[in-house]
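Visitor: Dropping in protein23.txt, which is compact mmCIF, C-alpha atoms:
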# COMPACT_ATOMS: atom_id res chain seq x y z
CA MET A 1 0.00 0.00 0.00
CA THR A 2 1.46 3.35 -0.96
CA ALA A 3 1.69 6.25 1.47
CA SER A 4 -0.83 8.27 -0.53
CA SER A 5 -3.52 5.57 -0.34
CA SER A 6 -2.85 4.50 3.25
CA PRO A 7 -5.25 5.70 5.95
CA ILE A 8 -2.15 6.58 7.97
CA ARG A 9 0.14 9.08 6.21
CA PRO A 10 3.65 10.11 7.26
CA PHE A 11 4.01 13.71 8.40
CA THR A 12 6.99 16.04 8.79
CA VAL A 13 6.94 19.48 10.40
CA THR A 14 8.15 22.09 7.91
CA ILE A 15 7.44 25.71 8.72
CA PRO A 16 8.49 27.95 5.79
CA ASP A 17 11.33 30.44 6.32
CA SER A 18 8.93 33.20 5.36
CA GLU A 19 6.71 32.42 8.36
CA VAL A 20 9.66 32.37 10.74
CA GLU A 21 10.77 35.76 9.42
CA ASP A 22 7.23 37.13 9.57
CA LEU A 23 7.05 36.19 13.25
CA LYS A 24 10.28 38.02 14.04
CA GLN A 25 9.04 41.12 12.26
CA ARG A 26 5.74 41.05 14.12
CA LEU A 27 7.54 40.66 17.44
CA ALA A 28 9.82 43.60 16.66
CA ARG A 29 6.76 45.78 15.98
CA THR A 30 4.91 44.89 19.18
CA ARG A 31 2.90 47.81 20.53
CA TRP A 32 3.07 47.57 24.31
CA PRO A 33 0.42 48.74 26.79
CA ASN A 34 1.19 50.85 29.83
CA PRO A 35 2.52 48.94 32.85
CA GLU A 36 0.28 47.33 35.45
CA THR A 37 -0.66 49.42 38.50
CA VAL A 38 0.12 46.72 41.07
CA PRO A 39 3.45 45.24 42.23
CA ASP A 40 2.43 41.65 41.51
CA TRP A 41 0.70 39.43 38.92
CA SER A 42 -2.85 40.12 40.12
CA GLN A 43 -3.65 42.07 36.92
CA GLY A 44 -2.10 39.40 34.69
CA VAL A 45 1.30 39.14 33.03
CA ARG A 46 3.63 41.90 34.18
CA LEU A 47 4.90 44.11 31.37
CA GLU A 48 8.59 43.68 32.17
CA ASN A 49 8.23 39.88 32.16
CA ALA A 50 6.32 39.94 28.88
CA LYS A 51 9.01 42.10 27.27
CA SER A 52 11.71 39.71 28.43
CA LEU A 53 9.86 36.68 27.03
CA ILE A 54 9.08 38.40 23.71
CA GLY A 55 12.64 39.68 23.39
CA HIS A 56 13.97 36.15 23.77
CA TRP A 57 11.44 34.85 21.24
CA GLU A 58 12.46 37.49 18.70
CA ARG A 59 16.24 37.40 19.06
CA ASP A 60 17.38 34.16 20.69
CA TYR A 61 14.79 31.43 20.28
CA ASP A 62 15.59 28.81 17.63
CA TRP A 63 12.47 27.31 16.06
CA ARG A 64 14.54 25.06 13.79
CA ARG A 65 16.05 23.42 16.87
CA PHE A 66 12.59 22.48 18.12
CA GLU A 67 11.37 21.52 14.66
CA SER A 68 14.29 19.09 14.41
CA GLU A 69 13.40 17.65 17.83
CA LEU A 70 9.87 16.96 16.68
CA ASN A 71 11.04 15.41 13.43
CA ARG A 72 13.30 12.97 15.29
CA PHE A 73 10.13 11.02 16.04
CA PRO A 74 7.81 9.28 13.56
CA GLN A 75 4.77 11.48 12.98
CA PHE A 76 1.59 10.74 11.09
CA LEU A 77 -1.80 12.02 10.02
CA THR A 78 -4.94 9.93 9.80
CA GLU A 79 -8.52 10.98 9.14
CA ILE A 80 -10.96 9.98 11.86
CA ASP A 81 -14.61 11.07 11.91
CA GLY A 82 -13.93 13.52 9.08
CA LEU A 83 -10.93 15.21 10.72
CA ASP A 84 -7.18 14.76 10.29
CA ILE A 85 -5.55 13.73 13.56
CA HIS A 86 -1.80 14.32 13.93
CA PHE A 87 0.15 11.99 16.19
CA ILE A 88 3.59 10.77 17.16
CA HIS A 89 3.93 6.98 17.26
CA VAL A 90 7.04 5.30 18.63
CA ARG A 91 7.17 1.54 19.06
CA SER A 92 9.42 -0.06 21.62
CA THR A 93 11.87 -2.74 20.52
CA ASN A 94 10.37 -4.89 23.28
CA PRO A 95 7.62 -7.00 21.64
CA ASN A 96 5.79 -7.19 24.98
CA ALA A 97 5.58 -3.41 25.40
CA MET A 98 2.30 -1.96 26.61
CA PRO A 99 0.66 0.46 24.13
CA LEU A 100 -0.03 3.81 25.82
CA ILE A 101 -1.83 6.86 24.44
CA LEU A 102 -0.76 10.15 26.05
CA THR A 103 -3.09 13.15 25.81
CA HIS A 104 -2.15 16.78 26.42
CA GLY A 105 -4.39 19.68 27.45
CA TRP A 106 -4.51 23.47 27.04
CA PRO A 107 -2.17 25.27 26.73
CA GLY A 108 -0.32 22.05 26.32
CA SER A 109 0.77 20.20 23.20
CA ILE A 110 2.70 17.18 22.03
CA ALA A 111 5.81 19.14 23.05
CA GLU A 112 5.31 18.32 26.72
CA PHE A 113 5.74 14.59 26.12
CA LEU A 114 8.95 14.58 24.10
CA ARG A 115 11.16 13.88 27.15
CA LEU A 116 8.97 10.93 28.09
CA ILE A 117 9.29 9.06 24.79
CA GLY A 118 12.80 7.63 25.23
CA PRO A 119 12.41 6.43 28.85
CA LEU A 120 8.98 4.93 28.19
CA THR A 121 9.85 3.11 24.96
CA ASP A 122 13.41 2.10 25.93
CA PRO A 123 13.57 2.02 29.75
CA VAL A 124 16.80 0.01 29.84
CA ALA A 125 18.70 2.84 28.14
CA TYR A 126 17.54 5.15 30.94
CA GLY A 127 18.31 2.86 33.87
CA GLY A 128 14.92 1.15 33.98
CA ASP A 129 13.53 -2.35 33.57
CA VAL A 130 12.72 -3.79 30.14
CA ASP A 131 9.42 -5.07 31.52
CA ASP A 132 8.28 -1.43 31.87
CA SER A 133 8.44 -0.81 28.11
CA PHE A 134 5.67 1.07 26.33
CA ASP A 135 4.71 1.80 22.75
CA VAL A 136 3.67 5.45 22.85
CA VAL A 137 1.00 7.21 20.81
CA ILE A 138 0.83 11.00 21.28
CA PRO A 139 -1.98 12.70 19.35
CA SER A 140 -2.63 16.41 19.01
CA LEU A 141 -6.15 17.21 20.18
CA PRO A 142 -8.59 18.31 17.44
CA GLY A 143 -7.98 22.00 16.77
CA PHE A 144 -4.53 21.85 18.36
CA GLY A 145 -1.10 21.73 16.75
CA PHE A 146 -0.98 19.91 13.43
CA SER A 147 -4.34 18.16 13.82
CA GLY A 148 -7.22 19.43 11.73
CA LYS A 149 -9.44 22.28 12.90
CA PRO A 150 -13.09 21.25 13.28
CA ALA A 151 -15.44 23.15 10.96
CA GLU A 152 -18.51 22.04 12.89
CA THR A 153 -19.62 21.82 16.49
CA GLY A 154 -19.66 18.60 18.46
CA TRP A 155 -16.02 17.82 19.11
CA ASN A 156 -16.47 17.33 22.85
CA VAL A 157 -14.35 15.04 25.02
CA THR A 158 -16.60 12.02 24.37
CA ARG A 159 -16.14 12.39 20.62
CA ILE A 160 -12.39 12.82 21.10
CA ALA A 161 -12.27 9.70 23.27
CA SER A 162 -14.08 7.78 20.53
CA ALA A 163 -11.53 9.06 18.00
CA TRP A 164 -8.69 7.89 20.25
CA THR A 165 -10.31 4.44 20.46
CA GLU A 166 -10.43 4.28 16.66
CA LEU A 167 -6.82 5.48 16.45
CA MET A 168 -5.56 2.68 18.72
CA LYS A 169 -7.62 0.14 16.78
CA ARG A 170 -6.26 1.48 13.51
CA LEU A 171 -2.71 1.05 14.83
CA GLY A 172 -3.47 -2.61 15.51
CA TYR A 173 -3.59 -2.51 19.32
CA THR A 174 -5.98 -4.87 21.07
CA LYS A 175 -4.91 -4.07 24.66
CA TRP A 176 -3.77 -0.59 25.63
CA ALA A 177 -3.70 2.03 28.39
CA ALA A 178 -4.25 5.79 28.43
CA GLN A 179 -2.72 8.70 30.33
CA GLY A 180 -3.37 12.42 30.60
CA GLY A 181 -3.42 15.66 32.54
CA ASP A 182 -5.55 18.82 32.22
CA TRP A 183 -7.90 18.31 29.22
CA GLY A 184 -5.89 15.17 28.53
CA SER A 185 -7.16 13.88 31.85
CA VAL A 186 -10.74 14.78 30.90
CA VAL A 187 -10.40 12.84 27.63
CA THR A 188 -8.73 9.93 29.44
CA THR A 189 -11.50 9.97 32.06
CA ALA A 190 -14.07 9.87 29.24
CA LEU A 191 -12.26 6.81 27.89
CA GLY A 192 -12.44 5.28 31.35
CA ALA A 193 -16.18 5.89 31.50
CA MET A 194 -16.70 4.42 28.02
CA GLN A 195 -14.48 1.39 28.70
CA PRO A 196 -13.95 0.64 25.02
CA GLU A 197 -12.79 -2.82 24.04
CA GLY A 198 -9.03 -3.05 24.56
CA LEU A 199 -8.62 -0.35 27.22
CA VAL A 200 -7.11 -2.05 30.27
CA GLY A 201 -6.67 0.99 32.53
CA ILE A 202 -5.68 4.64 32.82
CA HIS A 203 -3.26 6.95 34.63
CA LEU A 204 -4.23 10.51 35.57
CA ASN A 205 -2.04 13.33 36.82
CA THR A 206 -5.08 15.62 37.04
CA GLN A 207 -8.05 14.21 38.92
CA TYR A 208 -11.70 15.23 38.63
CA ALA A 209 -13.01 14.02 41.96
CA LEU A 210 -15.30 16.71 43.36
CA PRO A 211 -18.21 14.99 45.14
CA ALA A 212 -21.68 15.55 43.70
CA GLU A 213 -22.71 16.56 47.22
CA ILE A 214 -20.20 18.43 49.37
CA PRO A 215 -20.06 17.10 52.97
CA GLU A 216 -21.39 19.46 55.63
CA THR A 217 -18.35 18.82 57.81
CA LEU A 218 -15.03 19.19 56.03
CA SER A 219 -11.57 17.97 56.92
CA PRO A 220 -8.67 20.43 56.44
CA ASP A 221 -7.74 18.68 53.16
CA GLU A 222 -11.33 18.86 51.92
CA ARG A 223 -11.60 22.54 52.80
CA HIS A 224 -8.33 23.21 50.99
CA ALA A 225 -9.70 21.35 47.96
CA LEU A 226 -12.73 23.65 47.81
CA ASP A 227 -10.43 26.65 48.17
CA THR A 228 -8.43 25.47 45.15
CA VAL A 229 -11.63 24.98 43.15
CA ALA A 230 -12.71 28.52 43.99
CA PHE A 231 -9.24 29.84 43.12
CA TYR A 232 -9.32 28.01 39.78
CA GLY A 233 -12.74 29.33 38.88
CA GLY A 234 -12.08 32.81 40.20
CA GLU A 235 -8.71 34.54 40.42
CA ILE A 236 -6.90 32.41 37.83
CA GLY A 237 -9.93 31.41 35.77
CA GLY A 238 -10.04 34.30 33.31
CA ALA A 239 -8.77 32.34 30.31
CA ASN A 240 -11.08 29.42 31.04
CA HIS A 241 -14.14 31.68 31.24
CA LEU A 242 -13.34 33.62 28.07
CA GLN A 243 -12.48 30.52 26.05
CA GLY A 244 -15.62 28.83 27.28
CA THR A 245 -17.83 31.73 26.20
CA LYS A 246 -16.00 33.69 23.46
CA PRO A 247 -13.41 31.40 21.78
CA GLU A 248 -13.68 33.14 18.41
CA THR A 249 -13.17 36.56 19.97
CA ILE A 250 -10.02 35.24 21.64
CA GLY A 251 -8.89 33.73 18.34
CA ILE A 252 -9.31 37.00 16.47
CA ALA A 253 -7.46 38.89 19.20
CA LEU A 254 -4.51 36.50 19.16
CA ALA A 255 -4.31 35.43 15.50
CA ASP A 256 -2.62 38.69 14.49
CA SER A 257 -0.51 39.21 17.62
CA PRO A 258 2.24 36.80 18.58
CA ALA A 259 2.93 38.88 21.68
CA GLY A 260 -0.70 38.45 22.66
CA GLN A 261 -0.53 34.71 22.02
CA ALA A 262 2.60 34.45 24.14
CA ALA A 263 1.14 36.43 27.05
CA TRP A 264 -2.09 34.39 26.97
CA ILE A 265 -0.17 31.13 27.47
CA TYR A 266 2.58 32.57 29.68
CA ASP A 267 -0.08 33.66 32.17
CA LYS A 268 -1.29 30.08 32.54
CA PHE A 269 2.24 28.73 33.01
CA GLN A 270 2.79 31.39 35.66
CA SER A 271 -0.34 30.55 37.63
CA LYS A 272 -0.27 26.75 37.60
CA THR A 273 3.37 25.64 37.81
CA ASP A 274 5.28 24.80 40.99
CA ASN A 275 7.34 27.99 40.95
CA HIS A 276 8.80 30.40 43.48
CA GLY A 277 7.36 33.54 41.95
CA LEU A 278 8.04 33.10 38.24
CA ALA A 279 7.10 30.42 35.72
CA GLU A 280 10.77 30.38 34.72
CA ASP A 281 11.51 28.72 38.08
CA ALA A 282 9.61 25.66 36.86
CA LEU A 283 10.01 25.77 33.07
CA SER A 284 12.78 26.99 30.82
CA THR A 285 12.00 29.93 28.57
CA ASP A 286 12.59 27.72 25.53
CA ASP A 287 10.17 25.07 26.85
CA MET A 288 7.46 27.72 27.11
CA LEU A 289 8.28 29.15 23.69
CA ASP A 290 8.21 25.70 22.07
CA THR A 291 4.57 25.41 23.06
CA ILE A 292 3.77 29.05 22.30
CA SER A 293 5.38 28.72 18.87
CA LEU A 294 3.29 25.66 18.06
CA TYR A 295 0.14 27.63 18.79
CA TRP A 296 1.38 30.55 16.69
CA TYR A 297 2.59 28.67 13.61
CA THR A 298 -0.54 26.52 13.49
CA ASN A 299 -2.84 29.53 14.06
CA SER A 300 -4.78 27.54 16.61
CA ALA A 301 -5.75 30.15 19.23
CA ALA A 302 -9.45 29.94 18.33
CA SER A 303 -9.65 26.26 17.39
CA SER A 304 -7.89 25.16 20.59
CA ALA A 305 -9.96 27.48 22.78
CA ARG A 306 -13.16 25.83 21.56
CA ILE A 307 -12.49 22.76 23.69
CA TYR A 308 -13.72 24.93 26.58
CA TRP A 309 -16.81 26.01 24.62
CA GLU A 310 -17.62 22.46 23.54
CA ASN A 311 -17.42 21.22 27.14
CA LYS A 312 -18.62 24.27 29.09
CA SER A 313 -21.25 22.24 30.93
CA GLY A 314 -18.55 20.13 32.55
CA GLY A 315 -17.11 20.59 36.02
CA PHE A 316 -14.77 18.98 38.50
CA ALA A 317 -17.19 16.21 39.51
CA GLY A 318 -16.00 13.51 37.16
CA PRO A 319 -17.84 10.22 36.63
CA THR A 320 -17.29 7.32 39.00
CA LEU A 321 -14.93 4.92 37.25
CA THR A 322 -14.82 1.17 37.79
CA LEU A 323 -11.96 0.20 35.48
CA PRO A 324 -8.39 0.20 36.89
CA VAL A 325 -7.20 3.76 37.59
CA ALA A 326 -3.76 4.95 38.71
CA VAL A 327 -3.29 8.53 39.88
CA THR A 328 -0.39 10.77 40.78
CA VAL A 329 -1.07 13.93 42.77
CA PHE A 330 1.34 16.80 42.21
CA PRO A 331 1.38 19.19 45.20
CA ARG A 332 0.98 22.46 43.29
CA ASP A 333 -1.74 21.25 40.95
CA ILE A 334 -4.93 23.31 40.91
CA PRO A 335 -7.50 22.16 41.86
CA LEU A 336 -6.12 19.65 44.36
CA PHE A 337 -8.42 16.95 45.71
CA PRO A 338 -7.92 14.84 48.87
CA ARG A 339 -7.23 11.13 48.73
CA ASN A 340 -10.62 10.10 50.14
CA TRP A 341 -12.49 11.95 47.36
CA ILE A 342 -10.18 10.36 44.77
CA GLU A 343 -10.80 6.89 46.21
CA ASP A 344 -14.56 7.48 46.17
CA THR A 345 -14.44 8.52 42.49
CA TYR A 346 -12.08 5.80 41.22
CA THR A 347 -13.46 2.66 42.82
CA ASN A 348 -10.76 0.41 41.33
CA LEU A 349 -7.77 2.53 42.33
CA ILE A 350 -4.68 0.45 41.59
CA HIS A 351 -2.09 3.11 42.48
CA TYR A 352 -2.09 6.36 44.44
CA GLY A 353 1.11 8.38 44.22
CA GLU A 354 2.01 11.72 45.76
CA ALA A 355 4.88 13.60 44.14
CA ASP A 356 7.03 15.80 46.37
CA ARG A 357 7.12 18.62 43.82
CA GLY A 358 5.48 19.73 40.59
CA GLY A 359 2.33 21.48 39.45
CA HIS A 360 -0.32 21.24 36.78
CA PHE A 361 2.06 20.70 33.84
CA ALA A 362 3.66 17.54 35.22
CA ALA A 363 5.15 16.24 31.96
CA LEU A 364 7.00 19.52 31.40
CA GLU A 365 7.84 20.32 35.01
CA GLN A 366 8.80 16.91 36.41
CA PRO A 367 9.18 14.40 33.55
CA GLU A 368 11.26 11.94 35.59
CA ILE A 369 8.68 11.77 38.37
CA LEU A 370 5.85 11.32 35.90
CA ILE A 371 7.75 8.60 34.01
CA ASN A 372 8.31 6.63 37.21
CA GLU A 373 4.69 7.10 38.25
CA ILE A 374 3.38 5.88 34.90
CA ARG A 375 5.62 2.82 35.10
CA THR A 376 4.61 2.05 38.69
CA GLY A 377 0.96 2.90 38.27
CA LEU A 378 0.33 0.73 35.21
CA ARG A 379 2.67 -2.15 36.06
CA SER A 380 -0.05 -4.37 37.48
CA LEU A 381 -1.98 -4.23 34.19
CA ARG A 382 0.71 -6.08 32.24
CA SER A 383 -0.09 -9.66 31.44
Please lay out the structure from this file as structure tokens.
Guide:
Amino acid sequence: MTASSSPIRPFTVTIPDSEVEDLKQRLARTRWPNPETVPDWSQGVRLENAKSLIGHWERDYDWRRFESELNRFPQFLTEIDGLDIHFIHVRSTNPNAMPLILTHGWPGSIAEFLRLIGPLTDPVAYGGDVDDSFDVVIPSLPGFGFSGKPAETGWNVTRIASAWTELMKRLGYTKWAAQGGDWGSVVTTALGAMQPEGLVGIHLNTQYALPAEIPETLSPDERHALDTVAFYGGEIGGANHLQGTKPETIGIALADSPAGQAAWIYDKFQSKTDNHGLAEDALSTDDMLDTISLYWYTNSAASSARIYWENKSGGFAGPTLTLPVAVTVFPRDIPLFPRNWIEDTYTNLIHYGEADRGGHFAALEQPEILINEIRTGLRSLRS
């Protein structure tokens, strides 16, 4: 079967030089607002920090370096339910490897998983055990990265989960596991609720375990959980609210302004990483710009924001799951739920891990911890 007639087509990232130069010119012409009137981040990204990030993006950041990193891995496109889905697919040399689909969120991307691919597919080369080998499948969510942009409504997490099921079937996998954080966790949770044929279990580094009815008497951990929910929906929830109600307005605002796109994502990295005052304490500037650049070059501000609009009726009270679930709690994740609520939501909890550091973007912030937690959490499912 030729590549052109195959349902799975090879893909290579190739951003034209003209687009790279256009970005630099746009960054150089940025029109800046007046500075904030507070000494902190309570009004959003601080002007001096934005200027530093944009200056690095314009003068020092090397897109070709990141493009080459992406192209080190086999990438593909395949049409599912009328939409092209982009994905990385790396098979382990171990024939007994467990297939694992990893799903990112917003403002995440396939970029956050690149450091996980080697250790998961070839654990021996990284000091691990061959029996912990995985085949990894890393798709870009619909409307994100190099996946197609939906031209119709209806691409909610259930439809995405169904597409992922078809993807794993199309790749020839009959038994497989799934992992995710942020929206990736919502999609993975939807898979867990659907329990499609072949799915043996899931790992979550973001949990959706808010009880349907809040207890009248709360423990300190439960009270803290409600505080984090309120913080998420209030002080740091601006992007979520706007993307859930006006995704096209956001897309128009950001499609012509790379500085705006950068600030929009930078603000989320600032508010949800395990940092000591700046996102740069948790993530390198280049790591942030890799993700920001993907959003810019694929013009996906609007199409990615619509995942909030498509799922705006959702909340933090996820469905009760009965299939095997492994979880890892990162201490600076928001919201942060107590163990008893997690155990009540995932009735077949096969692993509960608590990391000693890390926030919402676990794969980017603490890849080694997440790798070990995925290995440990899913180990009992191998047979």
Visitor: Can you pull out every residue within 9 Å of A:Leu226, counting all atoms listed in the file, but drop anything in the same chain fewer than 4 positions away, and send it as an NGL selection string?
Guide: :A and (210 or 221-222 or 230-231 or 335-337)
Visitor: Determine, using all atoms listed in the file, which residues of stretch 7-73 of chain A have any atom at most 9 Å from an atom of stretch 277-288 of chain A, and tabulate each with its shortest atom pair and distance in Å to one decimal place, rows ordered by chain and then rising number, as JSON lines.
Guide:
{"residue": "A:Leu53", "atom": "CA", "partner": "A:Thr285", "partner_atom": "CA", "distance": 7.2}
{"residue": "A:His56", "atom": "CA", "partner": "A:Thr285", "partner_atom": "CA", "distance": 8.1}
{"residue": "A:Trp57", "atom": "CA", "partner": "A:Asp286", "partner_atom": "CA", "distance": 8.4}
{"residue": "A:Tyr61", "atom": "CA", "partner": "A:Asp286", "partner_atom": "CA", "distance": 6.8}
{"residue": "A:Asp62", "atom": "CA", "partner": "A:Asp286", "partner_atom": "CA", "distance": 8.5}
Visitor: So that I can check the surroundings of A:Asp182, please list as a list in words every protein, DNA and RNA residue that reaches within 10 Å of it, counting only C-alpha atoms and ignoring chain neighbours fewer than 4 positions away.
Guide: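 Non-adjacent residues within range: Thr103, His104, Gly105, Trp106, Pro107, Gly108, Val186, Val187, Thr188, Leu204, Asn205, Thr206, Gln207, Tyr208, Asp333, Ile334, His360, Phe361 and Ala362 of chain A.
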Visitor: Nearest to A:Thr291: which of A:Leu70, A:Val90, A:Ile80, A:Ala209 is it, counting only C-alpha atoms?
Guide: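 So, comparing all the options, the nearest one is A:Leu70.
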Visitor: In terms of the shortest atom-to-atom distance over all atoms listed in the file, which of A:Thr376, A:Gln270, A:Asn240, A:Thr345 is closest to A:Ser133?
Guide: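 Distance minimum relative to A:Ser133 lands on A:Thr376.
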Visitor: As AutoDock Vina command-line options, please: the centre and edge lengths in Å, to one decimal, of an axis-aligned box enclosing every listed atom of stretch 353-360 of chain A with 4 Å added on each side.
Guide:
--center_x 3.4 --center_y 14.9 --center_z 41.6 --size_x 15.4 --size_y 21.1 --size_z 17.6
Visitor: Which of these residues is nearest to A:Phe144, using all atoms listed in the file: A:Gln43, A:Ser304, A:Ser18, A:Gln75?
Guide: A:Ser304
Visitor: Could you tell me how far atom CA of A:Thr273 sits from atom CA of A:Asp40, in Å to one decimal place?
Guide: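 Straight-line distance from atom CA of A:Asp40 to atom CA of A:Thr273 works out to 16.5 Å.
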Visitor: What is the distance, in Å and to one decimal place, between atom CA of A:Thr328 and atom CA of A:Thr165?
Guide: 23.5 Å
Visitor: Taking into account only C-alpha atoms, which residue in the set A:Leu218, A:Ile110, A:Ala259, A:Leu294 is nearest to A:Thr14?
Guide: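 Result for the nearest residue to A:Thr14: A:Leu294.
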Visitor: So that I can see what lies close to A:Glu58, please list as a ChimeraX atom specification the residues with an atom at most 7 Å from it, counting all atoms listed in the file and leaving out residues fewer than 3 positions away in the same chain.
Guide: /A:24,27-28,54-55,61
Visitor: Save the residues we just selected, C-alpha atoms, as a compact mmCIF listing (two decimals), in the frame of the given file?
Guide:
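And here's out15.txt as it stands now:
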# COMPACT_ATOMS: atom_id res chain seq x y z
CA LYS A 24 10.28 38.02 14.04
CA LEU A 27 7.54 40.66 17.44
CA ALA A 28 9.82 43.60 16.66
CA ILE A 54 9.08 38.40 23.71
CA GLY A 55 12.64 39.68 23.39
CA TYR A 61 14.79 31.43 20.28
Visitor: I'd like the contact shell of stretch 116-131 of chain A - 7 Å cut-off, only C-alpha atoms, skipping same-chain residues fewer than 2 positions apart - returned as number ranges by chain.
Guide: A: 91-92, 113-114, 133-136, 367, 371
Visitor: Just write the chosen residues, C-alpha atoms, as a PDB file, in the coordinates of the input.
Guide:
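Okay, this is what ended up in again.pdb:
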ATOM      1  CA  ARG A  91       7.170   1.540  19.060  1.00  0.00           C
ATOM      2  CA  SER A  92       9.420  -0.060  21.620  1.00  0.00           C
ATOM      3  CA  PHE A 113       5.740  14.590  26.120  1.00  0.00           C
ATOM      4  CA  LEU A 114       8.950  14.580  24.100  1.00  0.00           C
ATOM      5  CA  SER A 133       8.440  -0.810  28.110  1.00  0.00           C
ATOM      6  CA  PHE A 134       5.670   1.070  26.330  1.00  0.00           C
ATOM      7  CA  ASP A 135       4.710   1.800  22.750  1.00  0.00           C
ATOM      8  CA  VAL A 136       3.670   5.450  22.850  1.00  0.00           C
ATOM      9  CA  PRO A 367       9.180  14.400  33.550  1.00  0.00           C
ATOM     10  CA  ILE A 371       7.750   8.600  34.010  1.00  0.00           C
TER      11      ILE A 371
END
Visitor: Here is a test: counting all atoms listed in the file, which residue of A:Ala177, A:Asn311, A:Tyr297, A:Ala253 is nearest to A:Gly377?
Guide: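 When distances to A:Gly377 are compared using all atoms listed in the file, the smallest one comes from A:Ala177.
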Visitor: Select, from A:Met98, A:Val20, A:Pro35, A:Ala302, the residue with the minimum atom-to-atom distance to A:Lys149, counting all atoms listed in the file.
Guide: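 Smallest distance to A:Lys149 is found for A:Ala302.
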Visitor: Just how far from atom CA of A:Ser140 is atom CA of A:Asp267, in Å to one decimal?
Guide: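 Computing the Euclidean distance for atom CA of A:Asp267 and atom CA of A:Ser140 yields 21.8 Å.
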Visitor: Quick one: residues within 6 Å of A:Gly244, only C-alpha atoms, excluding same-chain residues fewer than 5 positions away - as a list in words?
Guide: Tyr308, Trp309 and Lys312 of chain A
Visitor: Could those residues be written to a file, using C-alpha atoms, as a PDB file, in the frame of the given file?
Guide:
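File produced: result-v3.pdb:
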ATOM      1  CA  TYR A 308     -13.720  24.930  26.580  1.00  0.00           C
ATOM      2  CA  TRP A 309     -16.810  26.010  24.620  1.00  0.00           C
ATOM      3  CA  LYS A 312     -18.620  24.270  29.090  1.00  0.00           C
TER       4      LYS A 312
END
Visitor: Could you model N, CA and C atoms for stretch 347-360 of chain A and present them as an mmCIF file, keeping the file's coordinate frame?
Guide:
data_model
loop_
_atom_site.group_PDB
_atom_site.id
_atom_site.type_symbol
_atom_site.label_atom_id
_atom_site.label_comp_id
_atom_site.auth_asym_id
_atom_site.auth_seq_id
_atom_site.Cartn_x
_atom_site.Cartn_y
_atom_site.Cartn_z
ATOM 1 N N THR A 347 -13.181 3.761 41.896
ATOM 2 C CA THR A 347 -13.460 2.660 42.820
ATOM 3 C C THR A 347 -12.509 1.486 42.657
ATOM 4 N N ASN A 348 -11.765 1.457 41.546
ATOM 5 C CA ASN A 348 -10.760 0.410 41.330
ATOM 6 C C ASN A 348 -9.394 1.087 41.226
ATOM 7 N N LEU A 349 -9.021 1.777 42.311
ATOM 8 C CA LEU A 349 -7.770 2.530 42.330
ATOM 9 C C LEU A 349 -6.601 1.576 42.545
ATOM 10 N N ILE A 350 -5.775 1.415 41.519
ATOM 11 C CA ILE A 350 -4.680 0.450 41.590
ATOM 12 C C ILE A 350 -3.371 1.089 42.037
ATOM 13 N N HIS A 351 -3.312 2.425 42.019
ATOM 14 C CA HIS A 351 -2.090 3.110 42.480
ATOM 15 C C HIS A 351 -2.455 4.534 42.843
ATOM 16 N N TYR A 352 -1.958 4.973 44.011
ATOM 17 C CA TYR A 352 -2.090 6.360 44.440
ATOM 18 C C TYR A 352 -0.693 6.867 44.770
ATOM 19 N N GLY A 353 -0.221 7.826 43.993
ATOM 20 C CA GLY A 353 1.110 8.380 44.220
ATOM 21 C C GLY A 353 1.040 9.858 44.543
ATOM 22 N N GLU A 354 1.899 10.305 45.429
ATOM 23 C CA GLU A 354 2.010 11.720 45.760
ATOM 24 C C GLU A 354 3.429 12.180 45.455
ATOM 25 N N ALA A 355 3.567 13.056 44.478
ATOM 26 C CA ALA A 355 4.880 13.600 44.140
ATOM 27 C C ALA A 355 5.277 14.636 45.196
ATOM 28 N N ASP A 356 6.582 14.826 45.371
ATOM 29 C CA ASP A 356 7.030 15.800 46.370
ATOM 30 C C ASP A 356 7.193 17.199 45.778
ATOM 31 N N ARG A 357 7.020 17.324 44.463
ATOM 32 C CA ARG A 357 7.120 18.620 43.820
ATOM 33 C C ARG A 357 6.434 18.530 42.451
ATOM 34 N N GLY A 358 6.111 19.701 41.903
ATOM 35 C CA GLY A 358 5.480 19.730 40.590
ATOM 36 C C GLY A 358 4.077 20.306 40.659
ATOM 37 N N GLY A 359 3.638 20.860 39.535
ATOM 38 C CA GLY A 359 2.330 21.480 39.450
ATOM 39 C C GLY A 359 1.468 20.864 38.374
ATOM 40 N N HIS A 360 0.685 21.703 37.717
ATOM 41 C CA HIS A 360 -0.320 21.240 36.780
ATOM 42 C C HIS A 360 0.276 20.655 35.503
#
